[in-house]
Amino acid sequence: MRTLIILSIILWGCNPVADDHQELRLALDQFHEATIKVNLPVAAYAIVPKSGRFIYENYHQTDSSTIFGIRSLTKPITTVALLTLVDKGKINLDDPVDKYLQSFLSIKTLKSFNAFDSTYSVHPDKNRPTIRSLLNHTSGITYGLCDSIANAIFVKSGSSGAIHSWEELPLMFEPTTRWHYGMGHR
């Protein structure tokens, strides 16, 4: 089976990788050429800085058998499924996540971080992540893309932040105390 790669970096609200968009365009062109060389169908790339304008787009032919990763479009699908369960009285939005996912019983919150070697310390949560906090991005689970500390911790641990490794990684902040776009809908 052939794999589709869609590279969509959205820098809306994040610090741009570089102020020189030419350097970024060149890097994306090189990535695009590399995917063509190994015969991977690439659908599109787009960079959207805070200004809201596209600075890069590139398309490659796909066919009817191409599978597209929908990334963050899973969030509304997951939300509708969860709210259906709430409507049926099967779950409560204020239930702790560890009621359904035992791995969340051992999850801790980041206390301190050493930028020199990416070591960190943790402390037990005062608030446990809830279903509601997963849905409204206040659980403490973040993406590394817009959070340099989370990214450093993910890289050092060898994790992409996938759900099976969340119990090994700290929450970036105490649940319900902050908002940060994250992976709580996965």
# chains A, B, ... in the order shown; residues from 1 in each chain; ligands from 1
$ residues_around --residues "Lys108 (chain A)" --least-positions-apart "3" --cutoff "7 Å" --atoms "only C-alpha atoms" --output "PyMOL selection string"
chain A and resi 122-125+170-171
$ write_last_selection --atoms "C-alpha atoms" --output "compact mmCIF listing (two decimals), in the first residue's frame"
# COMPACT_ATOMS: atom_id res chain seq x y z
CA VAL A 122 7.07 16.60 37.84
CA HIS A 123 4.53 16.81 40.63
CA PRO A 124 1.18 15.11 41.18
CA ASP A 125 -1.82 16.88 39.68
CA PRO A 170 4.12 15.11 31.87
CA LEU A 171 1.18 17.40 31.36
$ residues_around --residues "region 77-90 of chain A" --least-positions-apart "6" --cutoff "12 Å" --atoms "only C-alpha atoms" --output "list in words"
Ile70, Arg71, Tyr100, Ile131, Arg132, Ser133, Leu134, Leu135, Asn136, Met183, Gly184, His185 and Arg186 of chain A
$ write_last_selection --atoms "N, CA, C and O atoms" --output "PDB file, in the first residue's frame"
ATOM      1  N   ILE A  70      -6.544  13.186   7.931  1.00  0.00           N
ATOM      2  CA  ILE A  70      -7.387  14.359   8.167  1.00  0.00           C
ATOM      3  C   ILE A  70      -6.964  15.153   9.401  1.00  0.00           C
ATOM      4  O   ILE A  70      -7.578  16.144   9.742  1.00  0.00           O
ATOM      5  N   ARG A  71      -5.935  14.703  10.074  1.00  0.00           N
ATOM      6  CA  ARG A  71      -5.324  15.413  11.198  1.00  0.00           C
ATOM      7  C   ARG A  71      -6.341  16.007  12.173  1.00  0.00           C
ATOM      8  O   ARG A  71      -7.143  15.316  12.724  1.00  0.00           O
ATOM      9  N   TYR A 100     -11.761   6.063  32.338  1.00  0.00           N
ATOM     10  CA  TYR A 100     -11.859   5.316  31.085  1.00  0.00           C
ATOM     11  C   TYR A 100     -10.505   4.858  30.558  1.00  0.00           C
ATOM     12  O   TYR A 100     -10.427   3.864  29.848  1.00  0.00           O
ATOM     13  N   ILE A 131     -12.899  14.701  30.847  1.00  0.00           N
ATOM     14  CA  ILE A 131     -13.339  14.640  29.453  1.00  0.00           C
ATOM     15  C   ILE A 131     -13.504  16.062  28.920  1.00  0.00           C
ATOM     16  O   ILE A 131     -13.050  16.390  27.822  1.00  0.00           O
ATOM     17  N   ARG A 132     -14.117  16.922  29.714  1.00  0.00           N
ATOM     18  CA  ARG A 132     -14.320  18.318  29.306  1.00  0.00           C
ATOM     19  C   ARG A 132     -12.981  19.007  29.019  1.00  0.00           C
ATOM     20  O   ARG A 132     -12.835  19.715  28.028  1.00  0.00           O
ATOM     21  N   SER A 133     -11.990  18.791  29.886  1.00  0.00           N
ATOM     22  CA  SER A 133     -10.694  19.458  29.684  1.00  0.00           C
ATOM     23  C   SER A 133      -9.978  18.937  28.436  1.00  0.00           C
ATOM     24  O   SER A 133      -9.239  19.686  27.796  1.00  0.00           O
ATOM     25  N   LEU A 134     -10.218  17.673  28.076  1.00  0.00           N
ATOM     26  CA  LEU A 134      -9.657  17.168  26.819  1.00  0.00           C
ATOM     27  C   LEU A 134     -10.288  17.884  25.627  1.00  0.00           C
ATOM     28  O   LEU A 134      -9.607  18.255  24.676  1.00  0.00           O
ATOM     29  N   LEU A 135     -11.600  18.064  25.687  1.00  0.00           N
ATOM     30  CA  LEU A 135     -12.323  18.672  24.571  1.00  0.00           C
ATOM     31  C   LEU A 135     -12.062  20.165  24.424  1.00  0.00           C
ATOM     32  O   LEU A 135     -12.063  20.685  23.310  1.00  0.00           O
ATOM     33  N   ASN A 136     -11.847  20.861  25.533  1.00  0.00           N
ATOM     34  CA  ASN A 136     -11.665  22.316  25.416  1.00  0.00           C
ATOM     35  C   ASN A 136     -10.202  22.759  25.569  1.00  0.00           C
ATOM     36  O   ASN A 136      -9.923  23.920  25.805  1.00  0.00           O
ATOM     37  N   MET A 183      -3.596  17.646  21.861  1.00  0.00           N
ATOM     38  CA  MET A 183      -4.002  16.353  21.318  1.00  0.00           C
ATOM     39  C   MET A 183      -5.086  15.670  22.136  1.00  0.00           C
ATOM     40  O   MET A 183      -5.228  14.461  22.072  1.00  0.00           O
ATOM     41  N   GLY A 184      -5.818  16.391  22.913  1.00  0.00           N
ATOM     42  CA  GLY A 184      -6.822  15.788  23.775  1.00  0.00           C
ATOM     43  C   GLY A 184      -7.949  15.083  23.073  1.00  0.00           C
ATOM     44  O   GLY A 184      -8.667  14.301  23.669  1.00  0.00           O
ATOM     45  N   HIS A 185      -8.117  15.304  21.769  1.00  0.00           N
ATOM     46  CA  HIS A 185      -9.221  14.692  21.022  1.00  0.00           C
ATOM     47  C   HIS A 185      -8.827  13.366  20.372  1.00  0.00           C
ATOM     48  O   HIS A 185      -9.640  12.739  19.736  1.00  0.00           O
ATOM     49  N   ARG A 186      -7.583  12.972  20.487  1.00  0.00           N
ATOM     50  CA  ARG A 186      -7.127  11.753  19.783  1.00  0.00           C
ATOM     51  C   ARG A 186      -7.697  10.519  20.404  1.00  0.00           C
ATOM     52  O   ARG A 186      -7.903  10.364  21.534  1.00  0.00           O
TER      53      ARG A 186
END
$ residues_around --residues "region 137-143 of chain A" --least-positions-apart "3" --cutoff "7 Å" --atoms "only C-alpha atoms" --output "list of chain:residue names"
A:Pro129, A:Ser133, A:Leu134, A:Cys146, A:Asp147, A:Ala150, A:Leu171, A:Met172, A:Phe173, A:Glu174, A:Pro175, A:Thr176, A:Thr177, A:Arg178, A:Trp179, A:His180, A:Tyr181, A:Gly182, A:Met183, A:Gly184
$ residues_around --residues "Lys156 (chain A)" --least-positions-apart "4" --cutoff "10 Å" --atoms "only C-alpha atoms" --output "PyMOL selection string"
chain A and resi 117-119+150-152
$ write_last_selection --atoms "C-alpha atoms" --output "JSON list (two decimals), in the first residue's frame"
[["chain", "number", "residue", "atom", "x", "y", "z"],
["A", 117, "ASP", "CA", 19.63, 19.07, 28.71],
["A", 118, "SER", "CA", 15.80, 18.77, 28.47],
["A", 119, "THR", "CA", 15.53, 17.16, 31.90],
["A", 150, "ALA", "CA", 6.82, 20.09, 25.10],
["A", 151, "ASN", "CA", 8.72, 19.56, 21.86],
["A", 152, "ALA", "CA", 12.04, 19.14, 23.70]]
$ atom_distance --atom1 "CA of Phe154 (chain A)" --atom2 "CA of Lys111 (chain A)"
15.9 Å
$ closest_residue --among "A:Leu169, A:Gly144, A:Lys75, A:Phe104" --to "Ser121 (chain A)" --atoms "only C-alpha atoms"
A:Leu169
$ closest_residue --among "A:Lys37, A:Leu73, A:Asn127, A:Ser65" --to "Asp94 (chain A)" --atoms "only C-alpha atoms"
A:Asn127
$ atom_distance --atom1 "CA of Val97 (chain A)" --atom2 "CA of Thr130 (chain A)"
5.0 Å
$ closest_residue --among "A:Ile149, A:Ala34, A:Pro96, A:Ile91" --to "Leu110 (chain A)" --atoms "only C-alpha atoms"
A:Ile149
